[in-house]
$ cat structure03.txt   # compact mmCIF, C-alpha atoms
# COMPACT_ATOMS: atom_id res chain seq x y z
CA MET D 136 -89.78 -20.43 -68.60
CA ASP D 137 -89.35 -16.83 -67.49
CA ALA D 138 -85.88 -15.64 -68.50
CA ARG D 139 -85.46 -13.94 -65.12
CA ALA D 140 -86.25 -17.07 -63.12
CA THR D 141 -83.45 -17.77 -60.69
CA ASP D 142 -81.68 -21.10 -60.49
CA ASN D 143 -83.38 -21.78 -57.16
CA ASP D 144 -86.85 -21.08 -58.62
CA ILE D 145 -86.22 -23.55 -61.42
CA ILE D 146 -84.87 -26.17 -58.99
CA THR D 147 -87.94 -25.84 -56.76
CA ARG D 148 -90.24 -26.36 -59.74
CA VAL D 149 -88.22 -29.32 -61.03
CA LEU D 150 -88.44 -30.92 -57.59
CA HIS D 151 -92.20 -30.39 -57.65
CA GLY D 152 -92.48 -32.47 -60.81
CA GLU D 153 -91.80 -30.04 -63.69
CA HIS D 154 -88.86 -32.15 -64.84
CA GLN D 155 -88.66 -30.55 -68.30
CA LEU D 156 -87.65 -27.23 -66.74
CA TYR D 157 -84.29 -28.78 -65.95
CA ALA D 158 -83.48 -28.16 -69.63
CA ASP D 159 -83.33 -24.43 -68.78
CA LEU D 160 -80.59 -25.06 -66.24
CA VAL D 161 -78.72 -27.25 -68.73
CA THR D 162 -78.92 -24.55 -71.40
CA ARG D 163 -77.84 -21.90 -68.89
CA TYR D 164 -74.72 -23.74 -67.73
CA GLN D 165 -73.76 -26.09 -70.56
CA ASN D 166 -71.02 -23.81 -71.96
CA PHE D 167 -69.49 -23.23 -68.52
CA VAL D 168 -69.53 -26.92 -67.66
CA PHE D 169 -68.20 -27.94 -71.07
CA THR D 170 -65.41 -25.34 -70.96
CA LEU D 171 -64.40 -26.49 -67.48
CA ALA D 172 -64.43 -30.13 -68.60
CA LEU D 173 -62.13 -29.13 -71.47
CA ARG D 174 -59.66 -27.86 -68.89
CA TYR D 175 -59.33 -31.45 -67.64
CA THR D 176 -59.19 -33.18 -71.00
CA PRO D 177 -58.29 -31.69 -74.35
CA VAL D 178 -60.50 -34.19 -76.23
CA ARG D 179 -63.83 -32.54 -77.05
CA GLU D 180 -65.76 -35.85 -77.14
CA ASP D 181 -64.49 -36.73 -73.66
CA ALA D 182 -65.31 -33.26 -72.36
CA GLU D 183 -68.84 -33.57 -73.76
CA GLU D 184 -69.26 -36.97 -72.11
CA ILE D 185 -68.08 -35.51 -68.79
CA ALA D 186 -70.40 -32.51 -69.14
CA GLN D 187 -73.39 -34.75 -69.88
CA ASP D 188 -72.55 -36.96 -66.92
CA VAL D 189 -72.29 -33.87 -64.70
CA PHE D 190 -75.82 -32.73 -65.56
CA VAL D 191 -77.28 -36.21 -65.06
CA LYS D 192 -75.53 -36.54 -61.67
CA ALA D 193 -76.69 -33.06 -60.67
CA TYR D 194 -80.25 -33.97 -61.61
CA LYS D 195 -80.16 -37.14 -59.53
CA ALA D 196 -78.76 -35.24 -56.55
CA LEU D 197 -80.93 -32.14 -56.99
CA LYS D 198 -82.98 -32.92 -53.88
CA ASP D 199 -79.75 -32.76 -51.86
CA PHE D 200 -78.97 -29.23 -53.04
CA ARG D 201 -79.86 -27.10 -50.02
CA GLY D 202 -79.14 -23.70 -51.52
CA GLU D 203 -76.37 -22.98 -49.02
CA SER D 204 -74.05 -22.17 -51.93
CA LYS D 205 -74.77 -20.93 -55.45
CA PHE D 206 -76.11 -23.62 -57.78
CA SER D 207 -73.18 -22.92 -60.11
CA THR D 208 -70.64 -23.55 -57.30
CA TRP D 209 -72.37 -26.84 -56.49
CA LEU D 210 -72.47 -27.78 -60.17
CA TYR D 211 -68.78 -26.97 -60.74
CA SER D 212 -67.80 -29.11 -57.75
CA ILE D 213 -69.57 -31.98 -59.56
CA VAL D 214 -67.51 -31.11 -62.68
CA ASN D 215 -64.34 -31.45 -60.61
CA SER D 216 -65.23 -34.84 -59.08
CA THR D 217 -66.70 -36.23 -62.33
CA SER D 218 -63.66 -35.18 -64.38
CA ILE D 219 -61.24 -36.77 -61.91
CA THR D 220 -63.29 -40.01 -61.90
CA PHE D 221 -63.43 -39.96 -65.71
CA LEU D 222 -59.67 -39.51 -66.01
CA ARG D 223 -59.09 -42.30 -63.48
CA LYS D 224 -61.32 -44.62 -65.50
CA LYS D 225 -59.41 -43.75 -68.63
CA LYS D 226 -56.23 -44.34 -66.65
CA LEU D 227 -54.92 -40.91 -67.46
CA ASP D 228 -52.40 -39.23 -65.24
CA ILE D 229 -54.56 -37.31 -62.75
CA SER D 230 -51.59 -36.52 -60.54
CA SER D 231 -50.68 -34.10 -63.28
CA LEU D 232 -53.69 -32.02 -62.34
CA ASP D 233 -52.24 -31.21 -58.94
CA ASN D 234 -48.53 -31.15 -59.42
CA GLU D 235 -46.29 -28.34 -60.34
CA HIS D 236 -44.62 -30.47 -62.99
CA VAL D 237 -47.66 -29.84 -65.14
CA PHE D 238 -46.11 -26.50 -65.79
CA GLU D 239 -43.19 -28.27 -67.39
CA GLN D 240 -45.64 -30.29 -69.51
CA ALA D 241 -47.36 -27.09 -70.53
CA GLU D 242 -43.99 -25.63 -71.42
CA SER D 243 -43.44 -28.53 -73.77
CA LYS D 244 -46.71 -27.63 -75.52
CA ASP D 245 -45.17 -24.46 -76.82
CA SER D 246 -41.63 -25.71 -77.22
CA GLY D 247 -42.18 -25.95 -80.93
CA MET D 248 -43.46 -22.42 -81.15
CA SER D 249 -41.25 -19.47 -81.61
CA ALA D 250 -42.21 -16.10 -80.22
CA ASN D 251 -44.83 -14.23 -82.23
CA GLN D 252 -45.36 -17.28 -84.40
CA VAL D 253 -49.07 -17.48 -83.52
CA GLU D 254 -51.29 -15.25 -85.53
CA VAL D 255 -54.46 -14.12 -83.83
CA LYS D 256 -57.33 -12.12 -85.17
CA SER D 257 -58.82 -10.85 -81.90
CA LYS D 258 -58.14 -10.35 -78.21
CA VAL D 259 -60.50 -13.23 -77.46
CA GLU D 260 -58.54 -15.53 -79.73
CA MET D 261 -55.26 -14.42 -78.19
CA VAL D 262 -56.45 -15.11 -74.62
CA THR D 263 -58.00 -18.44 -75.69
CA LYS D 264 -54.73 -19.55 -77.29
CA ALA D 265 -52.68 -18.34 -74.32
CA ILE D 266 -54.95 -20.31 -71.93
CA GLN D 267 -54.44 -23.41 -74.07
CA LEU D 268 -50.72 -23.06 -73.44
CA LEU D 269 -51.24 -23.13 -69.66
CA SER D 270 -51.32 -26.19 -67.42
CA PRO D 271 -54.82 -27.65 -66.75
CA ASP D 272 -54.65 -26.37 -63.16
CA ASP D 273 -53.87 -22.80 -64.19
CA ALA D 274 -56.44 -22.81 -66.99
CA LYS D 275 -59.12 -24.15 -64.63
CA LEU D 276 -58.48 -21.50 -61.98
CA ILE D 277 -58.53 -18.65 -64.48
CA THR D 278 -61.75 -19.92 -66.06
CA LEU D 279 -63.48 -20.35 -62.70
CA PHE D 280 -62.43 -16.93 -61.46
CA TYR D 281 -62.91 -14.81 -64.56
CA LYS D 282 -65.58 -16.58 -66.55
CA ALA D 283 -67.60 -18.64 -64.11
CA GLU D 284 -67.72 -15.73 -61.65
CA GLN D 285 -66.67 -17.75 -58.65
CA SER D 286 -65.05 -16.09 -55.64
CA LEU D 287 -61.82 -17.39 -54.13
CA GLU D 288 -63.83 -19.06 -51.35
CA GLU D 289 -66.15 -20.71 -53.87
CA ILE D 290 -63.23 -21.96 -55.97
CA ALA D 291 -61.70 -23.40 -52.80
CA ARG D 292 -64.95 -25.28 -52.15
CA ILE D 293 -65.13 -26.54 -55.75
CA LEU D 294 -61.55 -27.79 -55.82
CA ASN D 295 -61.35 -28.93 -52.17
CA MET D 296 -58.52 -26.54 -51.37
CA GLU D 297 -57.76 -23.86 -48.80
CA THR D 298 -58.74 -20.35 -49.87
CA ASN D 299 -55.16 -19.12 -49.40
CA THR D 300 -53.85 -21.92 -51.62
CA VAL D 301 -56.34 -20.89 -54.31
CA LYS D 302 -55.23 -17.27 -53.94
CA VAL D 303 -51.55 -18.14 -54.41
CA LYS D 304 -52.26 -20.54 -57.30
CA LEU D 305 -54.41 -17.92 -59.04
CA HIS D 306 -51.65 -15.33 -58.76
CA ARG D 307 -49.19 -17.74 -60.32
CA ALA D 308 -51.66 -18.69 -63.07
CA ARG D 309 -52.21 -15.04 -63.98
CA THR D 310 -48.49 -14.37 -64.01
CA ARG D 311 -47.91 -17.36 -66.29
CA LEU D 312 -50.72 -16.27 -68.61
CA LYS D 313 -49.19 -12.82 -68.82
CA GLU D 314 -45.82 -14.35 -69.63
CA LYS D 315 -47.33 -16.52 -72.37
CA MET D 316 -49.04 -13.54 -73.93
CA GLU D 317 -45.88 -11.46 -73.79
CA LYS D 318 -43.88 -14.28 -75.30
CA TYR D 319 -46.17 -15.33 -78.13
CA PHE D 320 -48.37 -12.33 -78.73
CA LYS D 321 -45.93 -9.52 -78.19
CA GLN D 322 -47.33 -7.34 -80.93
CA GLU D 323 -50.95 -7.80 -79.83
CA VAL D 324 -50.08 -7.06 -76.20
CA ARG D 325 -48.24 -3.93 -77.30
CA ASP D 326 -51.25 -2.88 -79.37
CA LEU D 327 -53.45 -3.27 -76.33
CA SER D 328 -51.33 -0.84 -74.39
CA TYR D 329 -52.05 1.90 -76.89
CA MET K 259 -37.52 -2.68 -63.11
CA ASN K 260 -37.27 -5.57 -60.74
CA ILE K 261 -40.38 -5.87 -58.58
CA PRO K 262 -40.32 -8.70 -56.03
CA GLN K 263 -42.92 -11.44 -56.34
CA ASN K 264 -44.70 -10.51 -53.09
CA ILE K 265 -45.36 -6.98 -54.35
CA GLU K 266 -47.07 -8.45 -57.40
CA GLU K 267 -49.06 -10.72 -55.07
CA LYS K 268 -50.06 -7.75 -52.95
CA LEU K 269 -51.20 -5.89 -56.06
CA TRP K 270 -53.27 -8.88 -57.23
CA ASN K 271 -54.85 -9.05 -53.76
CA TYR K 272 -55.54 -5.33 -54.00
CA ILE K 273 -57.16 -5.79 -57.42
CA ASP K 274 -59.23 -8.75 -56.12
CA GLY K 275 -60.23 -6.74 -53.04
CA SER K 276 -58.94 -9.39 -50.66
CA LEU K 277 -56.55 -7.21 -48.62
CA GLU K 278 -57.09 -6.21 -44.99
CA LYS K 279 -58.01 -2.56 -44.47
CA ASP K 280 -54.55 -1.52 -43.20
CA GLU K 281 -52.75 -3.26 -46.05
CA ASN K 282 -55.22 -1.83 -48.52
CA ASN K 283 -54.46 1.72 -47.29
CA LEU K 284 -50.74 1.05 -47.54
CA VAL K 285 -51.02 -0.15 -51.14
CA GLU K 286 -53.12 2.89 -52.02
CA GLN K 287 -50.45 5.16 -50.58
CA LEU K 288 -47.73 3.37 -52.51
CA LEU K 289 -49.72 3.63 -55.70
CA GLN K 290 -49.96 7.39 -55.22
CA ASN K 291 -46.32 7.95 -54.39
CA ASN K 292 -44.30 5.18 -56.00
CA GLN K 293 -43.89 5.16 -59.79
CA GLU K 294 -42.68 1.57 -59.82
CA TRP K 295 -45.81 0.36 -58.02
CA LYS K 296 -47.97 2.53 -60.21
CA ALA K 297 -46.48 1.08 -63.41
CA LYS K 298 -46.81 -2.49 -62.15
CA TYR K 299 -50.40 -1.86 -61.11
CA ALA K 300 -51.26 -0.52 -64.59
CA GLU K 301 -49.65 -3.59 -66.16
CA LEU K 302 -51.57 -6.04 -63.95
CA MET K 303 -54.81 -4.15 -64.47
CA ASP K 304 -54.38 -4.54 -68.25
CA VAL K 305 -54.07 -8.31 -67.83
CA HIS K 306 -56.99 -8.37 -65.37
CA GLN K 307 -59.20 -6.38 -67.75
CA LEU K 308 -58.17 -8.55 -70.68
CA MET K 309 -59.13 -11.72 -68.81
CA GLN K 310 -62.42 -10.24 -67.68
CA ASP K 311 -63.40 -9.23 -71.20
CA SER K 312 -61.77 -11.76 -73.46
CA ILE K 313 -62.07 -15.29 -72.09
CA ASP K 314 -64.36 -17.16 -74.42
CA LEU K 315 -66.49 -20.17 -73.54
CA GLU K 316 -66.46 -23.35 -75.59
CA HIS K 317 -69.75 -24.72 -76.91
CA PRO K 318 -70.81 -28.38 -76.80
CA SER K 319 -72.74 -29.98 -79.67
CA LEU K 320 -76.11 -28.52 -80.65
CA ARG K 321 -77.97 -31.58 -79.36
CA PHE K 322 -76.33 -31.37 -75.93
CA THR K 323 -79.41 -30.28 -73.94
CA GLN K 324 -81.58 -32.83 -75.76
CA ASN K 325 -79.09 -35.59 -75.01
CA VAL K 326 -79.08 -34.72 -71.31
CA MET K 327 -82.88 -34.55 -71.16
CA GLU K 328 -83.21 -37.90 -72.94
CA GLU K 329 -80.81 -39.44 -70.46
CA ILE K 330 -82.78 -37.97 -67.58
CA SER K 331 -86.15 -39.11 -68.94
CA ARG K 332 -84.96 -42.72 -68.56
CA LEU K 333 -84.72 -42.15 -64.82
CA TYR K 334 -88.41 -41.33 -64.60
CA ILE K 335 -90.54 -44.41 -65.26
CA THR K 336 -92.95 -43.85 -62.38
CA PRO K 337 -94.41 -40.56 -63.66
CA ALA K 338 -94.94 -42.23 -67.05
CA THR K 339 -97.15 -44.95 -65.50
CA ARG K 340 -99.13 -42.23 -63.76
CA ASN K 341 -100.06 -40.94 -67.17
CA TYR K 342 -101.77 -44.10 -68.37
CA ILE K 343 -103.27 -45.33 -65.09
CA ASN K 344 -106.49 -43.40 -64.55
CA LYS K 345 -107.06 -42.46 -60.93
CA ASN K 346 -110.85 -42.63 -61.45
CA VAL K 347 -110.57 -46.34 -62.28
CA ILE K 348 -108.74 -46.97 -59.00
CA TRP K 349 -111.37 -44.99 -57.08
CA GLY K 350 -114.13 -46.90 -58.92
CA ILE K 351 -112.70 -50.27 -57.89
CA GLY K 352 -112.36 -49.06 -54.30
CA ILE K 353 -115.97 -47.82 -54.19
CA PHE K 354 -117.22 -51.12 -55.70
CA PHE K 355 -115.58 -53.19 -52.97
CA LEU K 356 -116.69 -50.81 -50.23
CA THR K 357 -120.29 -50.95 -51.47
CA THR K 358 -120.18 -54.77 -51.66
CA ILE K 359 -118.90 -55.02 -48.07
CA ILE K 360 -121.53 -52.57 -46.74
CA GLY K 361 -124.23 -54.44 -48.70
CA LEU K 362 -123.16 -57.76 -47.20
CA ILE K 363 -123.19 -56.32 -43.68
CA ILE K 364 -126.67 -54.88 -44.18
CA TYR K 365 -127.89 -58.19 -45.63
CA THR K 366 -126.40 -60.14 -42.70
CA PHE K 367 -128.06 -57.87 -40.16
CA GLY K 368 -131.31 -58.19 -42.11
CA GLN K 369 -131.21 -61.97 -41.71
CA ILE K 370 -131.06 -61.82 -37.92
CA ASN K 371 -134.35 -62.62 -36.21
CA TRP K 372 -134.52 -59.71 -33.81
CA SER K 373 -137.92 -60.82 -32.40
CA ALA K 374 -136.59 -64.17 -31.15
CA PRO K 375 -137.01 -64.59 -27.38
CA SER K 376 -134.02 -63.67 -25.39
CA GLY K 377 -133.07 -64.44 -21.89
CA SER K 378 -130.01 -65.01 -19.86
CA SER K 379 -130.90 -68.71 -19.67
CA ASN K 380 -130.73 -69.02 -23.48
CA ILE K 381 -127.29 -67.57 -23.78
CA PRO K 382 -124.58 -70.08 -23.19
CA GLU K 383 -121.95 -69.05 -20.72
CA PHE K 384 -118.92 -67.67 -22.55
CA THR K 385 -115.46 -67.94 -21.16
CA MET K 386 -112.31 -66.98 -23.01
CA THR K 387 -110.49 -70.05 -21.79
CA ASN K 388 -113.04 -72.29 -23.50
CA VAL K 389 -112.33 -70.84 -26.93
CA ASN K 390 -110.20 -73.09 -29.09
CA TRP K 391 -107.96 -70.46 -30.69
CA GLY K 392 -105.77 -73.12 -32.28
CA GLN K 393 -108.72 -74.47 -34.24
CA MET K 394 -109.75 -70.97 -35.35
CA PHE K 395 -106.35 -70.07 -36.75
CA ASN K 396 -105.35 -73.49 -37.91
CA SER K 397 -106.48 -73.06 -41.47
CA THR K 398 -103.73 -72.25 -43.97
CA TYR K 399 -106.10 -69.96 -45.85
CA VAL K 400 -106.71 -67.87 -42.74
CA ASN K 401 -102.97 -67.55 -42.12
CA VAL K 402 -102.33 -66.52 -45.73
CA PHE K 403 -105.18 -64.01 -45.51
CA ILE K 404 -103.72 -62.44 -42.37
CA MET K 405 -100.22 -62.28 -43.85
CA VAL K 406 -101.46 -60.65 -47.05
CA ASN K 407 -103.35 -58.06 -45.01
CA ILE K 408 -100.33 -57.30 -42.86
CA LEU K 409 -98.22 -56.95 -46.03
CA LEU K 410 -100.74 -54.61 -47.64
CA GLY K 411 -100.90 -52.56 -44.46
CA LEU K 412 -97.11 -52.18 -44.37
CA MET K 413 -97.06 -51.20 -48.06
CA LEU K 414 -99.67 -48.52 -47.46
CA LEU K 415 -97.75 -47.20 -44.48
CA ASP K 416 -94.53 -47.10 -46.53
CA MET K 417 -96.24 -45.23 -49.37
CA TYR K 418 -97.70 -42.70 -46.95
CA LEU K 419 -94.37 -42.10 -45.19
CA THR K 420 -92.43 -41.80 -48.49
CA LYS K 421 -94.93 -39.25 -49.79
CA LYS K 422 -94.65 -37.20 -46.59
CA LYS K 423 -90.84 -37.33 -46.75
CA ASN K 424 -90.76 -36.16 -50.39
CA GLU K 425 -93.11 -33.29 -49.59
CA ARG K 426 -90.93 -32.21 -46.67
CA MET K 427 -87.72 -32.35 -48.81
CA ALA K 428 -89.31 -30.32 -51.61
CA GLY K 429 -90.55 -27.75 -49.10
CA ARG K 430 -87.09 -27.38 -47.57
CA HIS K 431 -85.50 -26.53 -50.94
CA GLY K 432 -88.21 -24.07 -51.81
$ encode --input "structure03.txt" --output "structure tokens"
Amino acid sequence: MDARATDNDIITRVLHGEHQLYADLVTRYQNFVFTLALRYTPVREDAEEIAQDVFVKAYKALKDFRGESKFSTWLYSIVNSTSITFLRKKKLDISSLDNEHVFEQAESKDSGMSANQVEVKSKVEMVTKAIQLLSPDDAKLITLFYKAEQSLEEIARILNMETNTVKVKLHRARTRLKEKMEKYFKQEVRDLSY
Amino acid sequence: MNIPQNIEEKLWNYIDGSLEKDENNLVEQLLQNNQEWKAKYAELMDVHQLMQDSIDLEHPSLRFTQNVMEEISRLYITPATRNYINKNVIWGIGIFFLTTIIGLIIYTFGQINWSAPSGSSNIPEFTMTNVNWGQMFNSTYVNVFIMVNILLGLMLLDMYLTKKKNERMAGRHG
């Protein structure tokens, strides 16, 4: 498959019978989908099961994709619904995904850590570890905005929220991430300033 | 330095480019004239840049794509049957039956004695009311034959309409 082929080109060809081309879409988005799934569940096996389910569901519903939004936005909305269904099936606390008290839970994650206790080798590692200390909601928003290249409007569509709510939540998530980095990676943050 | 929360929010909106034009101009003015705003902006931009450059993606197992494609291949049994049923065989059977029917018709017409005398007196008077329709359609075999034909006709119509619908859907996404 041509590396420059757009998502819509691939989808059209898959719908015309070239089913194997769907593998290109899977390869293109598997890391994004898997990373997002990991924001809902910390267990890698569960996240992989969710990610696989997402691609199968997307394939089955491909004929319903009308191209009104980006394929990635459509796909990530399937990640959201599939993850929530998965957590419900596993009887995990999905209310924690929406409530502010998740922040308290996230706080407990680092309660055993003293400031500057975490050693990191790179900026990437520092940000990754700081994101792990955030609540699932915050981590999800930051990943969608910065890594999955979704606009505020697109994130609102993915998460079934108002755009203004997304905007406010994203501000809070960024502030919390900054606080985590300042608290646990003081030296690295200082080094970045110079 | 104690910057209120809403100033930080305004600066994030400015960084994201989601401010109205008037507000955007105001923030730009403040950034030029106010050291506190300027310092906060630099701090937020550092975080923004860090997140843009340094968020890493997690990787699923190496077999992930294969697993998905194997799962998907189970959904497609119909295309697999297309591979082993040769269309030429189907056409061959169709042509055989068509030829047989045409041959029978020709043979039947060949058996008619066209030179036999004809006249209005030889032809019995035909009235629709005299026809015993009940006797004609009384046979179970005839009824079964009609039902099977109706069923086949409906199946053909369904296949034709489904094909048309799929073509239209595919065209819409293209």
$ residues_around --input "structure03.txt" --residues "Leu197 of chain D" --least-positions-apart "4" --cutoff "8 Å" --atoms "all atoms listed in the file" --output "ChimeraX atom specification"
/D:146,150,193
$ atom_distance --input "structure03.txt" --atom1 "atom CA of Asn271 of chain K" --atom2 "atom CA of Ala283 of chain D"
19.0 Å
$ interface_residues --input "structure03.txt" --of "chain D" --to "chain K" --cutoff "6 Å" --atoms "all atoms listed in the file" --output "mmCIF file with C-alpha atoms, in the frame of the given file"
data_model
loop_
_atom_site.group_PDB
_atom_site.id
_atom_site.type_symbol
_atom_site.label_atom_id
_atom_site.label_comp_id
_atom_site.auth_asym_id
_atom_site.auth_seq_id
_atom_site.Cartn_x
_atom_site.Cartn_y
_atom_site.Cartn_z
ATOM 1 C CA THR D 147 -87.940 -25.840 -56.760
ATOM 2 C CA ASN D 166 -71.020 -23.810 -71.960
ATOM 3 C CA THR D 170 -65.410 -25.340 -70.960
ATOM 4 C CA GLN D 187 -73.390 -34.750 -69.880
ATOM 5 C CA ARG D 201 -79.860 -27.100 -50.020
ATOM 6 C CA VAL D 259 -60.500 -13.230 -77.460
ATOM 7 C CA TYR D 281 -62.910 -14.810 -64.560
#
$ atom_distance --input "structure03.txt" --atom1 "atom CA of Tyr272 of chain K" --atom2 "atom CA of Leu288 of chain K"
11.8 Å
$ residues_around --input "structure03.txt" --residues "Val285 of chain K" --least-positions-apart "6" --cutoff "10 Å" --atoms "only C-alpha atoms" --output "ChimeraX atom specification"
/K:265,268-269,272,277,279,291-292,295-296
$ atom_distance --input "structure03.txt" --atom1 "atom CA of Phe169 of chain D" --atom2 "atom CA of Pro271 of chain D"
14.1 Å
$ residues_around --input "structure03.txt" --residues "segment 213-220 of chain D" --least-positions-apart "2" --cutoff "7 Å" --atoms "all atoms listed in the file" --output "ChimeraX atom specification"
/D:168,172,175,185,189,209-211,222-224,229,293-294
$ closest_residue --input "structure03.txt" --among "D:Glu184, D:Lys205, D:Thr162, D:Tyr157" --to "Glu284 of chain D" --atoms "all atoms listed in the file"
D:Lys205
$ residues_around --input "structure03.txt" --residues "Leu160 of chain D" --least-positions-apart "3" --cutoff "10 Å" --atoms "only C-alpha atoms" --output "ChimeraX atom specification"
/D:141-142,145-146,155-157,163-165,190,206-207 /K:323
$ residues_near_point --input "structure03.txt" --point "(-48.3, -19.5, -61.1)" --cutoff "10 Å" --atoms "all atoms listed in the file" --output "list in words"
Glu235, Phe238, Leu269, Ser270, Asp272, Asp273, Val303, Lys304, Leu305, His306, Arg307, Ala308, Arg309, Thr310, Arg311 and Leu312 of chain D
